[in-house]
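Printed here is my_file_19.tsv (TSV, C-alpha atoms):
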```tsv
chain	number	residue	atom	x	y	z
A	1	MET	CA	-6.96	-27.00	4.20
A	2	THR	CA	-5.40	-23.77	5.43
A	3	PRO	CA	-7.40	-20.52	5.28
A	4	TYR	CA	-5.93	-17.58	3.36
A	5	PHE	CA	-7.00	-14.30	1.88
A	6	ALA	CA	-5.54	-12.27	-0.95
A	7	THR	CA	-5.77	-8.49	-1.14
A	8	VAL	CA	-6.61	-6.86	-4.45
A	9	LEU	CA	-7.40	-3.41	-5.80
A	10	PRO	CA	-11.07	-2.70	-5.03
A	11	GLY	CA	-13.16	-3.50	-8.08
A	12	LEU	CA	-10.99	-6.43	-9.18
A	13	GLU	CA	-12.29	-8.98	-6.66
A	14	PRO	CA	-14.33	-10.94	-9.26
A	15	LEU	CA	-11.33	-11.24	-11.59
A	16	LEU	CA	-9.12	-12.45	-8.75
A	17	GLU	CA	-11.77	-14.99	-7.76
A	18	GLN	CA	-11.85	-16.26	-11.36
A	19	GLU	CA	-8.06	-16.58	-11.33
A	20	ILE	CA	-8.15	-18.54	-8.06
A	21	ARG	CA	-10.79	-20.94	-9.40
A	22	PHE	CA	-8.76	-21.54	-12.56
A	23	LYS	CA	-5.25	-21.80	-11.09
A	24	LEU	CA	-6.18	-23.43	-7.76
A	25	PRO	CA	-9.06	-25.75	-8.67
A	26	GLU	CA	-8.88	-27.45	-5.27
A	27	ALA	CA	-9.46	-24.17	-3.43
A	28	ALA	CA	-12.58	-24.11	-1.26
A	29	GLY	CA	-14.74	-21.60	0.56
A	30	LEU	CA	-14.22	-18.70	-1.83
A	31	ARG	CA	-15.90	-15.47	-0.83
A	32	ARG	CA	-15.27	-11.79	-1.39
A	33	GLU	CA	-15.08	-8.68	0.72
A	34	ARG	CA	-14.05	-5.25	-0.52
A	35	GLY	CA	-10.40	-5.51	-1.50
A	36	LYS	CA	-10.11	-9.16	-0.38
A	37	VAL	CA	-10.85	-12.69	-1.59
A	38	PHE	CA	-10.91	-15.45	1.02
A	39	PHE	CA	-10.21	-19.10	0.23
A	40	ALA	CA	-8.80	-22.30	1.72
A	41	SER	CA	-6.10	-24.43	0.13
A	42	GLY	CA	-3.98	-27.45	0.94
A	43	LEU	CA	-1.18	-26.31	-1.37
A	44	PRO	CA	2.09	-24.82	-0.12
A	45	VAL	CA	2.33	-21.03	-0.05
A	46	GLU	CA	4.78	-21.12	-2.99
A	47	ALA	CA	2.00	-22.51	-5.20
A	48	LEU	CA	-0.33	-19.67	-4.22
A	49	THR	CA	2.06	-17.07	-5.63
A	50	ALA	CA	0.81	-18.07	-9.10
A	51	LEU	CA	-2.00	-15.59	-8.37
A	52	ARG	CA	-0.81	-12.48	-10.17
A	53	THR	CA	-3.85	-10.24	-9.70
A	54	ALA	CA	-3.36	-10.34	-5.92
A	55	ASP	CA	-1.31	-7.61	-4.23
A	56	ASN	CA	-0.50	-9.71	-1.15
A	57	LEU	CA	-1.32	-13.04	0.47
A	58	TYR	CA	-2.26	-13.37	4.14
A	59	ARG	CA	-3.11	-16.11	6.59
A	60	PRO	CA	-5.91	-15.09	8.95
A	61	LEU	CA	-5.10	-15.82	12.59
A	62	LEU	CA	-8.13	-14.57	14.48
A	63	ARG	CA	-11.52	-12.93	14.15
A	64	PHE	CA	-12.95	-11.25	17.22
A	65	ARG	CA	-15.37	-8.59	18.39
A	66	VAL	CA	-14.04	-5.13	19.14
A	67	GLY	CA	-15.65	-2.25	21.01
A	68	PRO	CA	-15.82	1.37	19.83
A	69	HIS	CA	-14.30	3.17	22.83
A	70	LYS	CA	-10.72	3.68	23.95
A	71	LYS	CA	-11.29	1.46	26.97
A	72	HIS	CA	-11.86	-1.42	24.51
A	73	LEU	CA	-8.24	-1.21	23.32
A	74	ALA	CA	-7.35	-3.30	26.38
A	75	ASP	CA	-9.75	-5.99	25.15
A	76	LEU	CA	-8.18	-5.81	21.69
A	77	GLU	CA	-4.72	-6.28	23.21
A	78	GLU	CA	-5.96	-9.25	25.24
A	79	SER	CA	-7.54	-10.90	22.18
A	80	VAL	CA	-4.30	-10.64	20.20
A	81	PHE	CA	-2.33	-11.89	23.21
A	82	ARG	CA	-4.48	-15.04	23.15
A	83	ALA	CA	-4.10	-15.56	19.37
A	84	ASP	CA	-2.23	-18.71	18.36
A	85	LEU	CA	1.16	-17.51	17.13
A	86	GLU	CA	2.93	-20.76	17.92
A	87	GLY	CA	3.43	-21.71	14.27
A	88	LEU	CA	4.92	-18.31	13.57
A	89	ALA	CA	7.16	-18.58	16.59
A	90	ALA	CA	8.51	-21.91	15.35
A	91	GLY	CA	9.55	-20.28	12.09
A	92	ALA	CA	10.55	-16.81	13.21
A	93	LEU	CA	11.86	-17.24	16.75
A	94	THR	CA	14.53	-19.81	15.98
A	95	GLY	CA	17.45	-17.80	17.27
A	96	ARG	CA	18.19	-16.07	20.52
A	97	GLY	CA	17.90	-12.58	19.16
A	98	PRO	CA	14.69	-10.54	18.84
A	99	VAL	CA	12.34	-10.85	15.91
A	100	ARG	CA	11.13	-7.47	14.76
A	101	PHE	CA	7.52	-7.16	13.72
A	102	LYS	CA	5.12	-4.53	12.50
A	103	VAL	CA	1.35	-4.20	12.73
A	104	ASN	CA	-0.52	-2.39	9.96
A	105	ALA	CA	-4.07	-1.50	10.92
A	106	GLY	CA	-7.04	-0.12	9.05
A	107	ARG	CA	-10.54	0.66	10.23
A	108	THR	CA	-13.99	1.54	8.98
A	109	GLY	CA	-16.82	2.57	11.26
A	110	LYS	CA	-17.17	4.75	14.33
A	111	HIS	CA	-14.38	4.27	16.85
A	112	ALA	CA	-13.08	6.69	19.48
A	113	TYR	CA	-9.51	5.61	18.71
A	114	SER	CA	-7.34	5.76	15.60
A	115	ARG	CA	-5.97	2.90	13.54
A	116	PHE	CA	-2.57	3.70	15.03
A	117	ASP	CA	-3.97	3.22	18.53
A	118	ALA	CA	-5.37	-0.14	17.43
A	119	ALA	CA	-2.03	-1.18	15.89
A	120	GLU	CA	-0.19	-0.29	19.10
A	121	ALA	CA	-2.66	-2.30	21.21
A	122	ALA	CA	-2.20	-5.32	18.93
A	123	ALA	CA	1.59	-4.91	19.11
A	124	ARG	CA	1.43	-4.99	22.90
A	125	GLY	CA	-0.54	-8.23	22.74
A	126	ILE	CA	2.02	-9.83	20.43
A	127	ALA	CA	4.97	-8.71	22.56
A	128	ARG	CA	3.38	-10.22	25.67
A	129	GLN	CA	3.41	-13.68	24.06
A	130	ASP	CA	7.20	-13.87	23.88
A	131	ARG	CA	9.81	-11.34	24.98
A	132	ARG	CA	11.68	-11.92	21.71
A	133	TRP	CA	8.88	-10.31	19.70
A	134	ARG	CA	9.95	-6.69	19.29
A	135	ALA	CA	7.72	-4.04	17.69
A	136	GLU	CA	9.43	-2.06	14.92
A	137	ALA	CA	7.08	0.49	13.39
A	138	LEU	CA	9.65	2.22	11.15
A	139	GLY	CA	10.64	-0.72	8.95
A	140	GLY	CA	13.33	-3.36	9.03
A	141	HIS	CA	10.89	-5.95	10.38
A	142	GLU	CA	10.91	-9.70	9.71
A	143	VAL	CA	7.20	-10.33	10.29
A	144	GLU	CA	4.26	-8.14	9.36
A	145	PHE	CA	0.78	-8.45	10.85
A	146	ARG	CA	-2.42	-6.90	9.57
A	147	LEU	CA	-5.36	-5.77	11.67
A	148	ASP	CA	-8.62	-4.83	9.93
A	149	LEU	CA	-11.39	-3.26	12.01
A	150	CYS	CA	-14.81	-3.12	10.39
A	151	GLN	CA	-17.48	-1.74	12.73
A	152	ASP	CA	-17.46	-4.19	15.68
A	153	GLU	CA	-15.42	-6.97	14.05
A	154	ALA	CA	-11.65	-7.36	13.84
A	155	LEU	CA	-9.57	-9.55	11.54
A	156	PHE	CA	-6.00	-10.27	12.61
A	157	ALA	CA	-3.67	-11.85	10.03
A	158	VAL	CA	-0.02	-12.37	9.10
A	159	ARG	CA	1.37	-11.29	5.76
A	160	LEU	CA	3.00	-14.03	3.66
A	161	THR	CA	4.36	-11.98	0.75
A	162	ASP	CA	6.49	-8.87	0.36
A	163	ALA	CA	6.68	-6.00	-2.10
A	164	ALA	CA	8.69	-8.11	-4.56
A	165	TYR	CA	5.60	-10.28	-5.03
A	166	ARG	CA	3.31	-7.56	-6.35
A	167	TYR	CA	6.08	-5.65	-8.15
A	168	ARG	CA	7.56	-8.85	-9.63
A	169	GLY	CA	10.94	-8.25	-8.02
A	170	GLY	CA	13.95	-6.70	-9.68
A	171	GLU	CA	14.27	-3.19	-11.06
A	172	ARG	CA	11.56	-1.79	-13.30
A	173	ALA	CA	11.18	1.55	-15.06
A	174	PHE	CA	7.74	3.13	-14.66
A	175	THR	CA	6.50	5.98	-16.82
A	176	THR	CA	3.83	8.53	-15.86
A	177	ALA	CA	0.44	6.89	-15.14
A	178	ALA	CA	1.93	3.39	-15.36
A	179	LEU	CA	-0.28	0.63	-14.01
A	180	ARG	CA	0.70	-1.47	-11.03
A	181	PRO	CA	1.71	-4.94	-12.33
A	182	THR	CA	-1.18	-6.60	-10.47
A	183	VAL	CA	-3.70	-4.26	-12.14
A	184	ALA	CA	-2.09	-4.83	-15.54
A	185	HIS	CA	-2.41	-8.55	-14.93
A	186	ALA	CA	-6.10	-8.17	-14.14
A	187	LEU	CA	-6.55	-6.61	-17.59
A	188	VAL	CA	-4.60	-9.46	-19.18
A	189	TRP	CA	-6.64	-12.03	-17.26
A	190	ALA	CA	-9.90	-10.37	-18.36
A	191	SER	CA	-8.77	-10.90	-21.97
A	192	ARG	CA	-8.79	-14.68	-21.34
A	193	PRO	CA	-5.24	-15.40	-22.53
A	194	GLU	CA	-4.81	-18.28	-24.98
A	195	PRO	CA	-1.68	-19.72	-26.66
A	196	ALA	CA	-2.87	-18.71	-30.14
A	197	ASP	CA	-3.36	-15.03	-29.22
A	198	ARG	CA	-2.02	-12.27	-31.41
A	199	PHE	CA	-2.01	-9.62	-28.70
A	200	LEU	CA	-1.65	-5.84	-28.93
A	201	ASP	CA	-1.19	-2.93	-26.51
A	202	PRO	CA	-1.29	0.19	-28.71
A	203	CYS	CA	-0.56	2.64	-25.83
A	204	CYS	CA	1.93	0.51	-23.92
A	205	GLY	CA	3.68	3.14	-21.77
A	206	SER	CA	6.35	1.32	-19.77
A	207	GLY	CA	5.06	-2.04	-21.00
A	208	THR	CA	3.42	-3.36	-17.84
A	209	ILE	CA	0.50	-4.98	-19.70
A	210	LEU	CA	2.86	-6.55	-22.23
A	211	THR	CA	5.13	-7.83	-19.47
A	212	GLU	CA	2.19	-9.44	-17.69
A	213	ARG	CA	1.00	-11.05	-20.94
A	214	LEU	CA	4.46	-12.60	-21.31
A	215	GLY	CA	3.52	-14.83	-18.36
A	216	TYR	CA	1.24	-16.89	-20.65
A	217	PRO	CA	1.86	-18.59	-24.02
A	218	PHE	CA	1.14	-16.43	-27.07
A	219	ALA	CA	1.52	-16.42	-30.84
A	220	ARG	CA	2.62	-12.79	-31.15
A	221	LEU	CA	2.83	-9.66	-28.99
A	222	ASP	CA	2.91	-6.13	-30.36
A	223	GLY	CA	3.13	-2.92	-28.40
A	224	GLY	CA	4.05	0.67	-28.93
A	225	ASP	CA	3.81	4.23	-27.71
A	226	LEU	CA	4.15	7.74	-29.06
A	227	SER	CA	6.85	8.54	-26.49
A	228	PRO	CA	10.39	7.29	-27.27
A	229	GLU	CA	11.13	7.29	-23.51
A	230	ALA	CA	8.16	5.01	-22.91
A	231	VAL	CA	9.24	2.67	-25.71
A	232	ALA	CA	12.74	2.45	-24.22
A	233	ALA	CA	11.32	1.72	-20.76
A	234	SER	CA	8.96	-0.89	-22.18
A	235	ARG	CA	11.73	-2.67	-24.04
A	236	GLY	CA	13.90	-2.68	-20.93
A	237	ASN	CA	11.11	-4.04	-18.74
A	238	ALA	CA	9.97	-6.73	-21.19
A	239	GLY	CA	13.39	-7.91	-22.34
A	240	GLU	CA	14.12	-9.82	-25.54
A	241	TRP	CA	11.50	-12.36	-26.64
A	242	GLU	CA	10.77	-14.10	-29.90
A	243	ARG	CA	7.52	-12.89	-31.48
A	244	LEU	CA	7.54	-9.69	-29.36
A	245	ALA	CA	7.88	-6.29	-31.02
A	246	ILE	CA	7.72	-2.91	-29.27
A	247	ARG	CA	7.82	0.13	-31.52
A	248	GLN	CA	7.38	3.87	-31.44
A	249	TRP	CA	4.16	4.79	-33.23
A	250	ASP	CA	1.01	6.85	-33.24
A	251	ALA	CA	-1.76	4.51	-32.06
A	252	ARG	CA	-4.15	6.30	-34.42
A	253	ARG	CA	-2.11	5.00	-37.40
A	254	LEU	CA	-0.82	1.55	-36.54
A	255	PRO	CA	1.64	-0.23	-38.87
A	256	ILE	CA	-0.41	-3.43	-38.51
A	257	ASP	CA	-2.51	-5.19	-41.14
A	258	ALA	CA	-6.29	-5.25	-40.88
A	259	GLY	CA	-7.55	-8.19	-38.84
A	260	ALA	CA	-4.02	-9.15	-37.73
A	261	VAL	CA	-4.81	-8.94	-33.99
A	262	ASP	CA	-6.99	-11.21	-31.84
A	263	LYS	CA	-6.98	-9.18	-28.63
A	264	ALA	CA	-6.07	-5.59	-27.85
A	265	VAL	CA	-5.68	-4.52	-24.22
A	266	THR	CA	-4.66	-1.04	-23.17
A	267	ASN	CA	-4.73	1.67	-20.52
A	268	LEU	CA	-6.12	4.54	-22.58
A	269	PRO	CA	-4.79	8.07	-22.06
A	270	PHE	CA	-7.09	10.02	-19.75
A	271	GLY	CA	-6.95	12.79	-17.15
A	272	ARG	CA	-3.50	14.34	-16.80
A	273	GLN	CA	-2.16	12.08	-19.56
A	274	ILE	CA	-4.02	14.20	-22.15
A	275	SER	CA	-2.19	17.13	-23.73
A	276	ALA	CA	-3.72	20.55	-23.16
A	277	GLY	CA	-6.12	21.45	-25.93
A	278	GLU	CA	-6.48	17.89	-27.23
A	279	SER	CA	-10.06	16.70	-27.66
A	280	LEU	CA	-10.62	13.48	-25.75
A	281	PRO	CA	-13.70	12.41	-27.79
A	282	ALA	CA	-11.77	12.96	-31.04
A	283	LEU	CA	-8.74	11.09	-29.72
A	284	TYR	CA	-10.85	8.13	-28.60
A	285	ALA	CA	-12.72	8.06	-31.90
A	286	ASP	CA	-9.41	7.83	-33.81
A	287	LEU	CA	-7.95	5.22	-31.44
A	288	LEU	CA	-11.00	2.98	-31.49
A	289	ARG	CA	-11.39	3.30	-35.27
A	290	GLU	CA	-7.86	1.98	-35.67
A	291	LEU	CA	-8.39	-0.80	-33.13
A	292	LYS	CA	-11.56	-1.84	-34.92
A	293	ARG	CA	-9.52	-2.10	-38.12
A	294	VAL	CA	-6.69	-4.25	-36.75
A	295	VAL	CA	-8.70	-6.53	-34.43
A	296	ALA	CA	-10.26	-9.46	-36.25
A	297	HIS	CA	-13.99	-10.17	-36.09
A	298	GLY	CA	-14.54	-12.41	-33.11
A	299	GLY	CA	-11.64	-10.79	-31.30
A	300	GLY	CA	-11.91	-8.34	-28.42
A	301	ILE	CA	-10.74	-4.96	-27.19
A	302	LEU	CA	-10.24	-4.14	-23.50
A	303	CYS	CA	-9.75	-0.49	-22.53
A	304	LEU	CA	-9.27	1.09	-19.11
A	305	THR	CA	-10.38	4.73	-18.76
A	306	ASP	CA	-12.30	7.08	-16.51
A	307	ALA	CA	-13.54	9.06	-19.52
A	308	ASP	CA	-16.71	6.97	-19.73
A	309	ALA	CA	-18.75	9.31	-21.93
A	310	ALA	CA	-15.98	9.71	-24.51
A	311	LEU	CA	-15.35	5.97	-24.67
A	312	ARG	CA	-19.02	5.00	-24.99
A	313	GLU	CA	-19.77	7.69	-27.56
A	314	ALA	CA	-16.83	6.67	-29.73
A	315	ALA	CA	-17.73	2.97	-29.46
A	316	GLU	CA	-21.35	3.55	-30.42
A	317	ARG	CA	-20.44	5.74	-33.40
A	318	LEU	CA	-18.10	3.02	-34.64
A	319	GLN	CA	-20.71	0.30	-34.07
A	320	LEU	CA	-18.65	-1.41	-31.38
A	321	SER	CA	-20.64	-3.01	-28.60
A	322	TRP	CA	-19.37	-2.21	-25.10
A	323	GLU	CA	-19.61	-3.85	-21.69
A	324	ALA	CA	-18.33	-2.52	-18.35
A	325	VAL	CA	-16.26	-5.34	-16.85
A	326	ALA	CA	-15.11	-3.67	-13.61
A	327	THR	CA	-14.82	-0.24	-12.02
A	328	LEU	CA	-11.63	0.26	-10.04
A	329	SER	CA	-10.69	2.42	-7.07
A	330	LEU	CA	-7.29	3.65	-8.18
A	331	LYS	CA	-5.39	6.54	-6.56
A	332	GLY	CA	-8.54	8.58	-6.04
A	333	LEU	CA	-9.84	7.82	-9.53
A	334	HIS	CA	-12.52	5.34	-10.56
A	335	PRO	CA	-11.63	4.14	-14.06
A	336	THR	CA	-13.72	1.43	-15.71
A	337	LEU	CA	-12.48	-1.55	-17.69
A	338	TYR	CA	-14.53	-1.84	-20.89
A	339	ARG	CA	-14.80	-4.81	-23.23
A	340	LEU	CA	-15.52	-3.77	-26.84
A	341	LYS	CA	-16.47	-6.00	-29.74
A	342	HIS	CA	-17.55	-5.68	-33.35
A	343	ALA	CA	-21.32	-5.19	-33.17
```
Could the structure of this file be written out as C-alpha cells, please?
Amino acid sequence: MTPYFATVLPGLEPLLEQEIRFKLPEAAGLRRERGKVFFASGLPVEALTALRTADNLYRPLLRFRVGPHKKHLADLEESVFRADLEGLAAGALTGRGPVRFKVNAGRTGKHAYSRFDAAEAAARGIARQDRRWRAEALGGHEVEFRLDLCQDEALFAVRLTDAAYRYRGGERAFTTAALRPTVAHALVWASRPEPADRFLDPCCGSGTILTERLGYPFARLDGGDLSPEAVAASRGNAGEWERLAIRQWDARRLPIDAGAVDKAVTNLPFGRQISAGESLPALYADLLRELKRVVAHGGGILCLTDADAALREAAERLQLSWEAVATLSLKGLHPTLYRLKHA
C-alpha cells in the first residue's frame, strides 16, 4: 500500500473522506488534517483520480522535525537531501538534460524565516541529490514538490496531479462567483447521487454543479439562471446530453411541476451577487418557497450561502427543516452548505 494525501478546500474534508471510502473501498489509514485527507492505497494513481472533490493528489516523501530559527534552515536542507527521491529520479531523470522542479511551501506557527526561505532550503537539498535537478521557481517545471511546516513538524511531498485535474481540463467559461469544479462536486456528492435522480440547479450560473452531476447516472437534469450570459456559458460547459435542459428563468417562478424534482442543489446568490436594494430575506423566502413546491416529499435541497440568518429564517417560516452540512473557507468567505427538507 502506498501512502497518499489529497488536498481539499477547508471544510470539505469529511465529504472527501466519504468519497474515498466509497470509491476506494480498499483504502486504509484514513485520517484528516485541515485541508488534507491522508490514506493508503494499492491502486495505480490513475484510479485515484476518480476522487473529484480533491484539488490535488500528493505522495508524502518525508516527515521530519524543523526548528524555528534561520540557522535551522540548514537542517531542513539536509533532511530533504536525505529524502528518498530515487523513484522520482527513475521516472523524471531519464534523459541527459536537466529536470526542472519547483517547491511550494506553506507554514503555520512561529518561525524566524519565511515560507520562501523554507522552499529555497528544500530546493537546495533536492539539487544536491543529482546535478540534473534544476530549481525553476517561475514555472515551466516538470516536477512539483510541496513542503508544509506546522509548528515544529515538516511534511515533504511530491505532487501527482496538475491544474487540469481540478479544473477538469479543456476550456471552460466561468461567470461571476462561479464555484471551483471540486467544490461543486462536493455539493453534488453531499446530495448522494443516485441513477433515478431528477436533479435541479435553479441558480446554475456557468453550470459547474450541473456539469459535476453529469459524472453520475441520472434520470433528468434541469438548470437555469436569470442571466442569458450565464445560461449560454452553462450550455457550453455542459454540452449536449439527453434528459438535460438548461433554460433562462426566474428561480422564484420555475416552469417545473410540483413534486417533479428529487434533489435541488445550488449556490445561492449572496454578497456581491445581490443587486443593490434587493432584500436578501425576501429573495430567499421566494426561492425556498418555489423549491419547496417543486421538490417532492422525501427529496432534499442543498444550498450554499454565507447569509446564514436569511437562509434559516426563510426555511423556518416555510416549515423546512435545516441542517448545516459543512462550513467552507472560500476566498475569504465562510459560506455554509445547508441541507433542507420538508418538515
Using only C-alpha atoms, find each residue of range 137-222 of chain A with at least one atom at most 10 Å away from an atom of range 334-338 of chain A; report its shortest atom-to-atom pair and that distance in Å (one decimal), sort the rows by chain and rising residue number, and return the result as CSV.
```
residue,atom,partner,partner_atom,distance
A:Ala186,CA,A:Leu337,CA,9.9
A:Leu187,CA,A:Leu337,CA,7.8
A:Ala190,CA,A:Leu337,CA,9.2
```
Surrounding residues of Thr108 in chain A excluding itself and chain neighbours under 3 positions, 12 Å, only C-alpha atoms, as a list in words = Arg34, Pro68, Ala105, His111, Ala112, Tyr113, Ser114, Arg115, Leu147, Asp148, Leu149, Cys150, Gln151, Asp152, Glu153 and Ala154 of chain A
key: d(CA of Asp250 in chain A, CA of Ser227 in chain A) in Å   = 9.1 Å
query = Just how far from CA of Asp222 in chain A is CA of Ala245 in chain A, in Å to one decimal?
reply =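 Separation of CA of Ala245 in chain A and CA of Asp222 in chain A: 5.0 Å.
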ask   = What's the 10 Å shell around His297 in chain A, counting all atoms listed in the file, without same-chain residues fewer than 6 positions away, as a list in words?
value = Gly259, Val261, Asp262, Lys341, His342 and Ala343 of chain A
task = Neighbourhood query: residues within 12 Å of (4.8, -9.1, 3.2), file coordinates, counting all atoms listed in the file; return as a PyMOL selection string.
result = chain A and resi 6-7+55-59+101-104+139-146+157-167
key: Neighbour list for Ile126 in chain A as JSON, numbers by chain, cut-off 7 Å, all atoms listed in the file, skip fewer than 5 positions in-chain   = {"A": [80, 81, 133]}
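Closest approach to Leu179 in chain A from the set A:Leu268, A:Leu318, A:Leu155, A:Ala310 is made by A:Leu268, with distances taken over all atoms listed in the file.
With CA of Ala219 in chain A on one side and CA of Glu194 in chain A on the other, the separation reads 8.8 Å.
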message = Given only C-alpha atoms as the basis, pick out the residue of A:Cys303, A:Ala74, A:Ala137, A:Leu311 nearest to Ala118 in chain A.
response =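 Comparing A:Cys303, A:Ala74, A:Ala137, A:Leu311 against Ala118 in chain A, the winner is A:Ala74.
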inquiry  = Given the point (0.0, -18.0, -14.1) in the file's coordinates, find the residues that have an atom at most 12 Å from it, counting all atoms listed in the file, and give them as a PyMOL selection string.
reply    = chain A and resi 16+19-20+22-24+47-54+185-186+188-189+192-194+212-217
inquiry  = Could you check the closest approach to Arg198 in chain A for each of A:Ala326, A:Arg312, A:Ser41, A:Val295 and tell me which residue wins, using only C-alpha atoms?
reply    =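 With only C-alpha atoms as the atom set, the closest residue is A:Val295.
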message = Considering only C-alpha atoms, can you say which of A:Gly236, A:Gly11, A:Pro202, A:Pro3 comes closest to Leu330 in chain A?
response = A:Gly11
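For Gly29 in chain A, the set of protein, DNA and RNA residues having any atom at most 12 Å away, when counting only C-alpha atoms and skipping those fewer than 3 positions along the same chain, is Met1, Thr2, Pro3, Tyr4, Phe5, Glu17, Ile20, Arg21, Pro25, Glu26, Arg32, Val37, Phe38, Phe39, Ala40 and Ser41 of chain A.
Of the listed residues (A:Phe218, A:Thr208, A:Ala196, A:Lys331), A:Phe218 comes nearest to Glu242 in chain A; the distances count all atoms listed in the file.
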inquiry  = Which residue is closest to Ala251 in chain A? Choose from A:Val66, A:Leu138, A:Leu226, A:Ala324 and count only C-alpha atoms.
reply    =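 Residue with the minimum atom-to-atom distance to Ala251 in chain A: A:Leu226.
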